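Quick look at upload.cif (mmCIF, C-alpha atoms and all ligand atoms):
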```cif
data_target
#
loop_
_atom_site.group_PDB
_atom_site.id
_atom_site.type_symbol
_atom_site.label_atom_id
_atom_site.label_comp_id
_atom_site.auth_asym_id
_atom_site.auth_seq_id
_atom_site.Cartn_x
_atom_site.Cartn_y
_atom_site.Cartn_z
ATOM 1 C CA MET K 1 -7.375 6.273 50.799
ATOM 2 C CA VAL K 2 -7.767 6.277 54.590
ATOM 3 C CA ASP K 3 -10.861 4.093 54.167
ATOM 4 C CA LYS K 4 -8.840 1.615 52.099
ATOM 5 C CA MET K 5 -6.209 1.334 54.837
ATOM 6 C CA VAL K 6 -8.929 0.813 57.445
ATOM 7 C CA PHE K 7 -10.713 -1.882 55.419
ATOM 8 C CA GLU K 8 -7.428 -3.676 54.674
ATOM 9 C CA SER K 9 -6.226 -3.594 58.255
ATOM 10 C CA TYR K 10 -9.508 -5.095 59.520
ATOM 11 C CA GLY K 11 -9.629 -7.798 56.811
ATOM 12 C CA THR K 12 -12.880 -6.388 55.434
ATOM 13 C CA GLN K 13 -11.618 -5.662 51.888
ATOM 14 C CA LYS K 14 -14.540 -7.473 50.301
ATOM 15 C CA HIS K 15 -16.863 -4.758 51.631
ATOM 16 C CA TYR K 16 -14.675 -1.888 50.394
ATOM 17 C CA LYS K 17 -16.190 -1.556 46.913
ATOM 18 C CA SER K 18 -19.758 -1.264 48.158
ATOM 19 C CA HIS K 19 -18.601 1.130 50.882
ATOM 20 C CA VAL K 20 -16.945 3.448 48.336
ATOM 21 C CA GLU K 21 -19.975 3.232 46.042
ATOM 22 C CA SER K 22 -22.256 4.464 48.793
ATOM 23 C CA THR K 23 -19.922 7.195 50.064
ATOM 24 C CA THR K 24 -20.914 10.794 49.573
ATOM 25 C CA TYR K 25 -19.107 13.953 50.683
ATOM 26 C CA LEU K 26 -19.987 17.251 52.246
ATOM 27 C CA LEU K 27 -17.461 20.078 52.041
ATOM 28 C CA ARG K 28 -18.018 22.812 54.591
ATOM 29 C CA PRO K 29 -15.930 26.001 54.709
ATOM 30 C CA ILE K 30 -16.091 27.394 58.239
ATOM 31 C CA LYS K 31 -15.202 30.886 59.405
ATOM 32 C CA TYR K 32 -14.738 31.551 63.102
ATOM 33 C CA SER K 33 -14.769 35.236 63.965
ATOM 34 C CA ALA K 34 -12.137 36.574 66.314
ATOM 35 C CA PRO K 35 -13.678 36.542 69.793
ATOM 36 C CA ASP K 36 -14.759 39.886 71.269
ATOM 37 C CA ASN K 37 -13.380 38.637 74.529
ATOM 38 C CA ILE K 38 -11.036 35.648 74.451
ATOM 39 C CA ILE K 39 -11.791 34.718 78.043
ATOM 40 C CA SER K 40 -15.593 34.522 77.944
ATOM 41 C CA ASN K 41 -16.548 34.576 74.274
ATOM 42 C CA ASN K 42 -14.256 32.049 72.753
ATOM 43 C CA ILE K 43 -16.357 28.978 71.925
ATOM 44 C CA GLY K 44 -16.037 28.120 68.223
ATOM 45 C CA THR K 45 -18.046 24.894 68.316
ATOM 46 C CA ASN K 46 -19.575 23.059 71.237
ATOM 47 C CA ILE K 47 -18.347 19.632 72.304
ATOM 48 C CA HIS K 48 -19.468 16.999 69.785
ATOM 49 C CA THR K 49 -18.509 13.923 67.822
ATOM 50 C CA ASP K 50 -18.869 13.997 64.051
ATOM 51 C CA LYS K 51 -21.717 11.945 62.541
ATOM 52 C CA SER K 52 -19.561 11.087 59.513
ATOM 53 C CA PHE K 53 -17.359 8.087 58.800
ATOM 54 C CA LEU K 54 -14.352 10.355 58.374
ATOM 55 C CA THR K 55 -13.734 14.071 58.629
ATOM 56 C CA ILE K 56 -10.704 15.705 57.052
ATOM 57 C CA LEU K 57 -9.856 19.176 58.352
ATOM 58 C CA ARG K 58 -7.590 21.727 56.724
ATOM 59 C CA GLN K 59 -7.190 24.934 58.689
ATOM 60 C CA THR K 60 -5.317 28.194 58.302
ATOM 61 C CA GLU K 61 -2.471 28.940 60.700
ATOM 62 C CA VAL K 62 -4.799 29.787 63.613
ATOM 63 C CA ASN K 63 -5.221 26.769 65.920
ATOM 64 C CA GLY K 64 -8.298 26.132 68.027
ATOM 65 C CA LEU K 65 -9.237 22.446 67.763
ATOM 66 C CA GLU K 66 -9.290 20.549 71.054
ATOM 67 C CA VAL K 67 -9.767 16.782 71.263
ATOM 68 C CA GLN K 68 -10.685 14.670 74.272
ATOM 69 C CA LEU K 69 -8.472 11.641 74.859
ATOM 70 C CA LYS K 70 -9.959 8.320 75.950
ATOM 71 C CA ASN K 71 -8.779 9.066 79.519
ATOM 72 C CA GLY K 72 -10.943 12.193 79.557
ATOM 73 C CA GLU K 73 -8.086 14.681 79.223
ATOM 74 C CA TRP K 74 -8.457 17.457 76.649
ATOM 75 C CA ILE K 75 -5.557 18.342 74.346
ATOM 76 C CA SER K 76 -5.105 21.304 72.007
ATOM 77 C CA VAL K 77 -4.180 20.176 68.536
ATOM 78 C CA ASP K 78 -1.261 22.136 67.110
ATOM 79 C CA VAL K 79 -1.687 21.534 63.387
ATOM 80 C CA PRO K 80 1.606 21.957 61.481
ATOM 81 C CA PRO K 81 1.207 24.242 58.422
ATOM 82 C CA GLY K 82 0.246 22.306 55.296
ATOM 83 C CA SER K 83 -1.076 19.259 57.139
ATOM 84 C CA PHE K 84 -4.537 17.788 57.572
ATOM 85 C CA VAL K 85 -6.389 16.439 60.575
ATOM 86 C CA VAL K 86 -8.201 13.142 59.964
ATOM 87 C CA MET K 87 -10.922 12.399 62.502
ATOM 88 C CA SER K 88 -13.159 9.350 62.756
ATOM 89 C CA GLY K 89 -16.850 9.868 63.376
ATOM 90 C CA ASP K 90 -19.800 8.000 64.868
ATOM 91 C CA ALA K 91 -20.497 6.091 61.649
ATOM 92 C CA TYR K 92 -17.007 4.524 61.739
ATOM 93 C CA GLN K 93 -17.476 3.696 65.388
ATOM 94 C CA ALA K 94 -20.669 1.752 64.608
ATOM 95 C CA TRP K 95 -19.306 0.175 61.401
ATOM 96 C CA SER K 96 -16.186 -1.052 63.233
ATOM 97 C CA ASN K 97 -18.314 -2.606 65.996
ATOM 98 C CA GLY K 98 -16.785 -0.147 68.456
ATOM 99 C CA ARG K 99 -13.123 -0.624 67.522
ATOM 100 C CA ILE K 100 -12.747 2.876 66.085
ATOM 101 C CA HIS K 101 -13.196 5.670 68.587
ATOM 102 C CA ALA K 102 -15.194 8.755 67.607
ATOM 103 C CA ALA K 103 -13.330 11.397 69.585
ATOM 104 C CA ARG K 104 -15.240 14.241 71.202
ATOM 105 C CA HIS K 105 -13.870 17.599 70.138
ATOM 106 C CA GLN K 106 -14.546 21.320 70.207
ATOM 107 C CA VAL K 107 -13.107 24.548 68.872
ATOM 108 C CA ILE K 108 -11.896 27.163 71.332
ATOM 109 C CA MET K 109 -10.652 30.471 69.972
ATOM 110 C CA LYS K 110 -7.597 31.521 71.949
ATOM 111 C CA GLU K 111 -6.172 34.185 69.709
ATOM 112 C CA ASP K 112 -7.534 37.537 68.705
ATOM 113 C CA LYS K 113 -7.680 36.398 65.068
ATOM 114 C CA GLU K 114 -10.237 34.954 62.668
ATOM 115 C CA ARG K 115 -9.922 31.262 61.955
ATOM 116 C CA TYR K 116 -10.804 29.474 58.728
ATOM 117 C CA CYS K 117 -11.205 25.743 58.333
ATOM 118 C CA LEU K 118 -12.274 23.538 55.451
ATOM 119 C CA ALA K 119 -14.030 20.393 56.670
ATOM 120 C CA LEU K 120 -14.668 17.434 54.347
ATOM 121 C CA PHE K 121 -17.127 14.927 55.827
ATOM 122 C CA SER K 122 -17.798 11.492 54.321
ATOM 123 C CA PHE K 123 -21.183 9.825 54.824
ATOM 124 C CA ASN K 124 -22.752 6.650 53.428
ATOM 125 C CA HIS K 125 -26.106 6.416 51.690
ATOM 126 C CA GLY K 126 -28.475 3.576 52.499
ATOM 127 C CA THR K 127 -28.079 0.894 55.122
ATOM 128 C CA THR K 128 -24.643 0.228 56.551
ATOM 129 C CA ASN K 129 -24.141 -3.273 57.922
ATOM 130 C CA ILE K 130 -21.574 -4.145 60.551
ATOM 131 C CA PRO K 131 -19.107 -6.520 58.803
ATOM 132 C CA LYS K 132 -19.384 -10.109 60.075
ATOM 133 C CA GLU K 133 -15.573 -10.217 60.211
ATOM 134 C CA LEU K 134 -15.684 -7.716 63.095
ATOM 135 C CA VAL K 135 -18.077 -9.751 65.229
ATOM 136 C CA ASP K 136 -17.086 -12.853 67.215
ATOM 137 C CA SER K 137 -17.357 -14.183 70.744
ATOM 138 C CA ASP K 138 -14.656 -11.788 71.970
ATOM 139 C CA HIS K 139 -16.314 -8.886 70.145
ATOM 140 C CA PRO K 140 -20.093 -9.364 70.423
ATOM 141 C CA LEU K 141 -22.262 -7.272 68.134
ATOM 142 C CA GLN K 142 -22.583 -3.764 69.604
ATOM 143 C CA PHE K 143 -24.405 -1.971 66.781
ATOM 144 C CA ASN K 144 -27.387 -2.707 64.558
ATOM 145 C CA PRO K 145 -27.339 -1.931 60.822
ATOM 146 C CA PHE K 146 -27.826 1.812 60.519
ATOM 147 C CA ASP K 147 -28.634 4.638 58.145
ATOM 148 C CA ASN K 148 -25.889 7.278 58.323
ATOM 149 C CA PHE K 149 -28.265 10.138 57.446
ATOM 150 C CA GLY K 150 -30.766 8.721 59.943
ATOM 151 C CA LEU K 151 -27.992 9.122 62.526
ATOM 152 C CA VAL K 152 -27.523 12.767 61.469
ATOM 153 C CA HIS K 153 -31.268 13.462 61.794
ATOM 154 C CA PHE K 154 -31.478 11.601 65.084
ATOM 155 C CA TYR K 155 -28.681 13.760 66.465
ATOM 156 C CA LEU K 156 -30.137 17.021 65.196
ATOM 157 C CA ASN K 157 -33.623 16.241 66.495
ATOM 158 C CA SER K 158 -32.872 14.634 69.810
ATOM 159 C CA ALA K 159 -32.167 15.924 73.246
ATOM 160 C CA THR K 160 -29.261 13.468 73.496
ATOM 161 C CA GLN K 161 -26.772 15.676 71.698
ATOM 162 C CA MET K 162 -24.452 15.519 74.675
ATOM 163 C CA SER K 163 -24.790 11.758 75.192
ATOM 164 C CA GLU K 164 -21.531 9.833 75.520
ATOM 165 C CA SER K 165 -22.007 8.193 72.137
ATOM 166 C CA SER K 166 -24.499 9.220 69.451
ATOM 167 C CA ALA K 167 -23.836 5.918 67.664
ATOM 168 C CA LYS K 168 -24.818 3.902 70.751
ATOM 169 C CA ALA K 169 -27.894 6.048 71.336
ATOM 170 C CA TYR K 170 -29.013 5.677 67.694
ATOM 171 C CA CYS K 171 -28.168 2.099 66.759
ATOM 172 C CA GLY K 172 -26.485 0.456 69.744
ATOM 173 C CA VAL K 173 -27.485 -3.088 70.629
ATOM 174 C CA ASN K 174 -29.068 -3.168 74.059
ATOM 175 C CA VAL K 175 -27.545 -6.070 75.912
ATOM 176 C CA GLU K 176 -29.913 -7.382 78.546
ATOM 177 C CA PHE K 177 -28.755 -9.775 81.203
HETATM 178 O O1 LIG C 201 -12.820 23.822 62.865
HETATM 179 C C1 LIG C 201 -12.387 22.736 63.229
HETATM 180 O O2 LIG C 201 -11.166 22.512 63.388
HETATM 181 C C2 LIG C 201 -13.337 21.600 63.534
HETATM 182 C C3 LIG C 201 -14.740 21.771 63.004
HETATM 183 C C4 LIG C 201 -15.640 20.668 63.459
HETATM 184 O O3 LIG C 201 -15.402 20.013 64.435
HETATM 185 C C5 LIG C 201 -16.848 20.327 62.677
HETATM 186 O O4 LIG C 201 -17.231 21.095 61.782
HETATM 187 O O5 LIG C 201 -17.434 19.262 62.927
HETATM 188 FE FE FE C 202 -16.451 18.157 64.366
#
```

Structure re-expressed in structure tokens:
Amino acid sequence: MVDKMVFESYGTQKHYKSHVESTTYLLRPIKYSAPDNIISNNIGTNIHTDKSFLTILRQTEVNGLEVQLKNGEWISVDVPPGSFVVMSGDAYQAWSNGRIHAARHQVIMKEDKERYCLALFSFNHGTTNIPKELVDSDHPLQFNPFDNFGLVHFYLNSATQMSESSAKAYCGVNVEF
């Protein structure tokens, strides 16, 4: 549904069917233990961007997700009960030729309570091409065609896990002047 809105808003509807046909999902239930010490032992996940196209998060009432804004500032996400967080990942950043931002995020446990979260990640099989509609003289090609699972393996096996953009490191076009 979110994908459909994205494809329609970018005028790339003709690629939607093949996108959906190559989409696959990973559902990951995550349990974060209550920290022994909420000052020094409170890291739930390290800072990262997701390697997915989209991630949908559904948590229990205990907050903890923090997202970095484009200006560098970190904000705590207060998720209203019953709602979902939808986050774009590195694959959407590359697919959209850089238009969609893959936000860096982390989980910090601030309460003396366990936290549960259900994360649904969407990935694409095979080669993903950057739609021609998203490339023109004002928006030169920034990413080469890529393999979403290749991106996952690249991230897991490389020392660049903290690089500014995994998508750029994996399949970015190197512009030489
Ligand atoms: O627990 C959360 O809210 C986020 C989990 C997360 O960032 C991830 O699994 O990639
Ligand atoms: Fe994440």

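Across the chains present, the PyMOL selection byres (((chain K and resi 97-105) around 6) and not hetatm) applied to this file returns Ile47, His48, Thr49, Glu66, Val67, Gln68, Ser88, Gly89, Asp90, Gln93, Ala94, Trp95, Ser96, Gln106 and Gln142 of chain K.
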
Per residue of chain K within 8 Å of ligand LIG 201 (chain C), which atom pair is closest and at what distance in Å (one decimal), using all atoms listed in the file, listed by chain and increasing number, as a Markdown table?
```
| residue | atom | partner | partner_atom | distance |
| --- | --- | --- | --- | --- |
| K:Arg28 | CA | C:LIG201 | O4 | 7.4 |
| K:Ile30 | CA | C:LIG201 | O1 | 6.7 |
| K:Tyr32 | CA | C:LIG201 | O1 | 8.0 |
| K:Gly44 | CA | C:LIG201 | O1 | 7.6 |
| K:Thr45 | CA | C:LIG201 | O3 | 6.8 |
| K:His48 | CA | C:LIG201 | O3 | 7.4 |
| K:Thr49 | CA | C:LIG201 | O5 | 7.3 |
| K:Asp50 | CA | C:LIG201 | O5 | 5.6 |
| K:Thr55 | CA | C:LIG201 | O5 | 7.7 |
| K:Leu57 | CA | C:LIG201 | O2 | 6.2 |
| K:Arg58 | CA | C:LIG201 | O2 | 7.6 |
| K:Gln59 | CA | C:LIG201 | O2 | 6.6 |
| K:Asn63 | CA | C:LIG201 | O2 | 7.7 |
| K:Gly64 | CA | C:LIG201 | O2 | 6.5 |
| K:Leu65 | CA | C:LIG201 | O2 | 4.8 |
| K:His105 | CA | C:LIG201 | O3 | 6.4 |
| K:Gln106 | CA | C:LIG201 | O3 | 6.0 |
| K:Val107 | CA | C:LIG201 | C1 | 6.0 |
| K:Tyr116 | CA | C:LIG201 | O1 | 7.3 |
| K:Cys117 | CA | C:LIG201 | O1 | 5.2 |
| K:Leu118 | CA | C:LIG201 | O1 | 7.4 |
| K:Ala119 | CA | C:LIG201 | O4 | 6.1 |
```

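Closest approach to ligand FE 202 (chain C) among K:Leu54, K:Lys113, K:Asn129, K:Val62 is made by K:Leu54 (distances from all atoms listed in the file).
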
Handout entry: Using all atoms listed in the file: which of K:Ile38, K:Val173, K:Leu69, K:Met109 has the shortest distance to Pro140 of chain K
Key = K:Val173

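Atom CA of Phe143 of chain K lies 12.6 Å from atom CA of Thr127 of chain K.
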
Could you give me the axis-aligned bounding box of segment 122-131 of chain K, with 6 Å of padding per side, as centre plus edge lengths in Å to one decimal, as lines of an AutoDock Vina configuration file?
```
center_x = -23.1
center_y = 2.5
center_z = 56.1
size_x = 22.7
size_y = 30.0
size_z = 20.9
```

Handout entry: Selected residue, from K:Thr24, K:Ser33, K:Asn174, K:Ser40, that lies nearest to Phe121 of chain K when counting only C-alpha atoms
Key =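 For Phe121 of chain K, the nearest of the candidates is K:Thr24.
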
Problem - Point-to-point distance in Å for atom CA of Glu164 of chain K and atom CA of Leu134 of chain K - result: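 Computed distance, atom CA of Leu134 of chain K to atom CA of Glu164 of chain K, equals 22.3 Å.
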
Residues selected by the PyMOL selection byres (((chain K and resi 171) around 8) and not hetatm), written as a CSV table (one decimal) with C-alpha atoms, in the frame of the given file:
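Full text of part_20.csv as output:
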```csv
chain,number,residue,atom,x,y,z
K,94,ALA,CA,-20.7,1.8,64.6
K,143,PHE,CA,-24.4,-2.0,66.8
K,144,ASN,CA,-27.4,-2.7,64.6
K,145,PRO,CA,-27.3,-1.9,60.8
K,146,PHE,CA,-27.8,1.8,60.5
K,167,ALA,CA,-23.8,5.9,67.7
K,168,LYS,CA,-24.8,3.9,70.8
K,169,ALA,CA,-27.9,6.0,71.3
K,170,TYR,CA,-29.0,5.7,67.7
K,172,GLY,CA,-26.5,0.5,69.7
K,173,VAL,CA,-27.5,-3.1,70.6
```

Problem - atom CA of Thr60 of chain K to atom CA of Pro80 of chain K, straight-line distance in Å - result: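 Computing the Euclidean distance for atom CA of Pro80 of chain K and atom CA of Thr60 of chain K yields 9.8 Å.
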
Practice task
Determine, counting only C-alpha atoms, which protein, DNA and RNA residues have an atom within 12 Å of an atom of Glu133 of chain K; residues of the same chain fewer than 6 positions away are not included. Present the result as a count of residues only.
Solution key: 15

Exercise for the section: Identify which of the residues K:Leu120, K:Val20, K:Ile75, K:Ile39 lies closest to ligand FE 202 (chain C), counting all atoms listed in the file when measuring atom-to-atom distances. Expected result: K:Leu120

Handout entry: Selected residue of minimal separation from ligand FE 202 (chain C) among K:Gly126, K:Ser137, K:Asn46, K:Arg115, counting all atoms listed in the file
Key = K:Asn46

Exercise for the section: Check the smallest atom-to-atom distance from each of K:Ile108, K:Thr23, K:Tyr92, K:Met1 to Pro35 of chain K using only C-alpha atoms, then report the winner. Expected result: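 Nearest to Pro35 of chain K: K:Ile108.
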
Hey, what's within 9 Å of Ser22 of chain K if we count only C-alpha atoms and toss same-chain stuff fewer than 6 positions away? As a PDB file with C-alpha atoms, in the coordinates of the input, please?
```pdb
ATOM      1  CA  PHE K 123     -21.183   9.825  54.824  1.00  0.00           C
ATOM      2  CA  ASN K 124     -22.752   6.650  53.428  1.00  0.00           C
ATOM      3  CA  HIS K 125     -26.106   6.416  51.690  1.00  0.00           C
ATOM      4  CA  GLY K 126     -28.475   3.576  52.499  1.00  0.00           C
TER       5      GLY K 126
END
```

Practice task
I would like the residues chosen by the PyMOL selection byres (((chain K and resi 152) around 10) and not hetatm) on the shown file; could you give them as an NGL selection string?
Solution key: :K and (50-52 or 90-91 or 123 or 147-151 or 153-157 or 166-167 or 170)

What would segment 57-87 of chain K look like with N, CA and C atoms restored, written as a compact mmCIF listing (two decimals), keeping the file's coordinate frame?
```txt
# COMPACT_ATOMS: atom_id res chain seq x y z
N LEU K 57 -9.86 17.74 58.04
CA LEU K 57 -9.86 19.18 58.35
C LEU K 57 -8.58 19.81 57.84
N ARG K 58 -8.75 20.96 57.21
CA ARG K 58 -7.59 21.73 56.72
C ARG K 58 -7.82 23.15 57.20
N GLN K 59 -6.98 23.62 58.09
CA GLN K 59 -7.19 24.93 58.69
C GLN K 59 -6.12 25.92 58.24
N THR K 60 -6.38 27.20 58.49
CA THR K 60 -5.32 28.19 58.30
C THR K 60 -4.42 28.13 59.53
N GLU K 61 -3.51 29.07 59.65
CA GLU K 61 -2.47 28.94 60.70
C GLU K 61 -3.01 29.12 62.12
N VAL K 62 -4.26 29.56 62.26
CA VAL K 62 -4.80 29.79 63.61
C VAL K 62 -5.35 28.47 64.17
N ASN K 63 -4.75 28.00 65.28
CA ASN K 63 -5.22 26.77 65.92
C ASN K 63 -6.50 27.02 66.71
N GLY K 64 -7.08 25.99 67.22
CA GLY K 64 -8.30 26.13 68.03
C GLY K 64 -8.95 24.79 68.34
N LEU K 65 -8.61 23.75 67.55
CA LEU K 65 -9.24 22.45 67.76
C LEU K 65 -8.72 21.80 69.05
N GLU K 66 -9.65 21.30 69.85
CA GLU K 66 -9.29 20.55 71.05
C GLU K 66 -9.98 19.19 70.99
N VAL K 67 -9.25 18.15 71.36
CA VAL K 67 -9.77 16.78 71.26
C VAL K 67 -9.66 16.13 72.63
N GLN K 68 -10.70 15.37 72.98
CA GLN K 68 -10.68 14.67 74.27
C GLN K 68 -10.09 13.27 74.10
N LEU K 69 -9.08 12.98 74.89
CA LEU K 69 -8.47 11.64 74.86
C LEU K 69 -9.40 10.64 75.55
N LYS K 70 -9.10 9.34 75.35
CA LYS K 70 -9.96 8.32 75.95
C LYS K 70 -9.95 8.41 77.48
N ASN K 71 -8.84 8.94 78.06
CA ASN K 71 -8.78 9.07 79.52
C ASN K 71 -9.51 10.30 80.04
N GLY K 72 -10.15 11.04 79.12
CA GLY K 72 -10.94 12.19 79.56
C GLY K 72 -10.21 13.52 79.43
N GLU K 73 -8.89 13.45 79.31
CA GLU K 73 -8.09 14.68 79.22
C GLU K 73 -8.30 15.38 77.87
N TRP K 74 -8.33 16.70 77.90
CA TRP K 74 -8.46 17.46 76.65
C TRP K 74 -7.09 17.94 76.19
N ILE K 75 -6.81 17.81 74.89
CA ILE K 75 -5.56 18.34 74.35
C ILE K 75 -5.86 19.33 73.22
N SER K 76 -5.02 20.37 73.12
CA SER K 76 -5.11 21.30 72.01
C SER K 76 -4.31 20.72 70.86
N VAL K 77 -4.88 20.75 69.68
CA VAL K 77 -4.18 20.18 68.54
C VAL K 77 -3.43 21.30 67.81
N ASP K 78 -2.10 21.16 67.80
CA ASP K 78 -1.26 22.14 67.11
C ASP K 78 -1.02 21.58 65.71
N VAL K 79 -1.74 22.11 64.74
CA VAL K 79 -1.69 21.53 63.39
C VAL K 79 -0.53 22.17 62.61
N PRO K 80 0.49 21.39 62.24
CA PRO K 80 1.61 21.96 61.48
C PRO K 80 1.10 22.52 60.14
N PRO K 81 1.66 23.66 59.69
CA PRO K 81 1.21 24.24 58.42
C PRO K 81 1.26 23.22 57.30
N GLY K 82 0.25 23.20 56.46
CA GLY K 82 0.25 22.31 55.30
C GLY K 82 -0.25 20.90 55.60
N SER K 83 -0.62 20.63 56.85
CA SER K 83 -1.08 19.26 57.14
C SER K 83 -2.59 19.22 57.38
N PHE K 84 -3.10 18.01 57.40
CA PHE K 84 -4.54 17.79 57.57
C PHE K 84 -4.78 17.05 58.88
N VAL K 85 -5.96 17.25 59.43
CA VAL K 85 -6.39 16.44 60.58
C VAL K 85 -7.41 15.44 60.03
N VAL K 86 -7.22 14.16 60.36
CA VAL K 86 -8.20 13.14 59.96
C VAL K 86 -8.87 12.64 61.24
N MET K 87 -10.18 12.75 61.29
CA MET K 87 -10.92 12.40 62.50
C MET K 87 -11.98 11.35 62.16
```
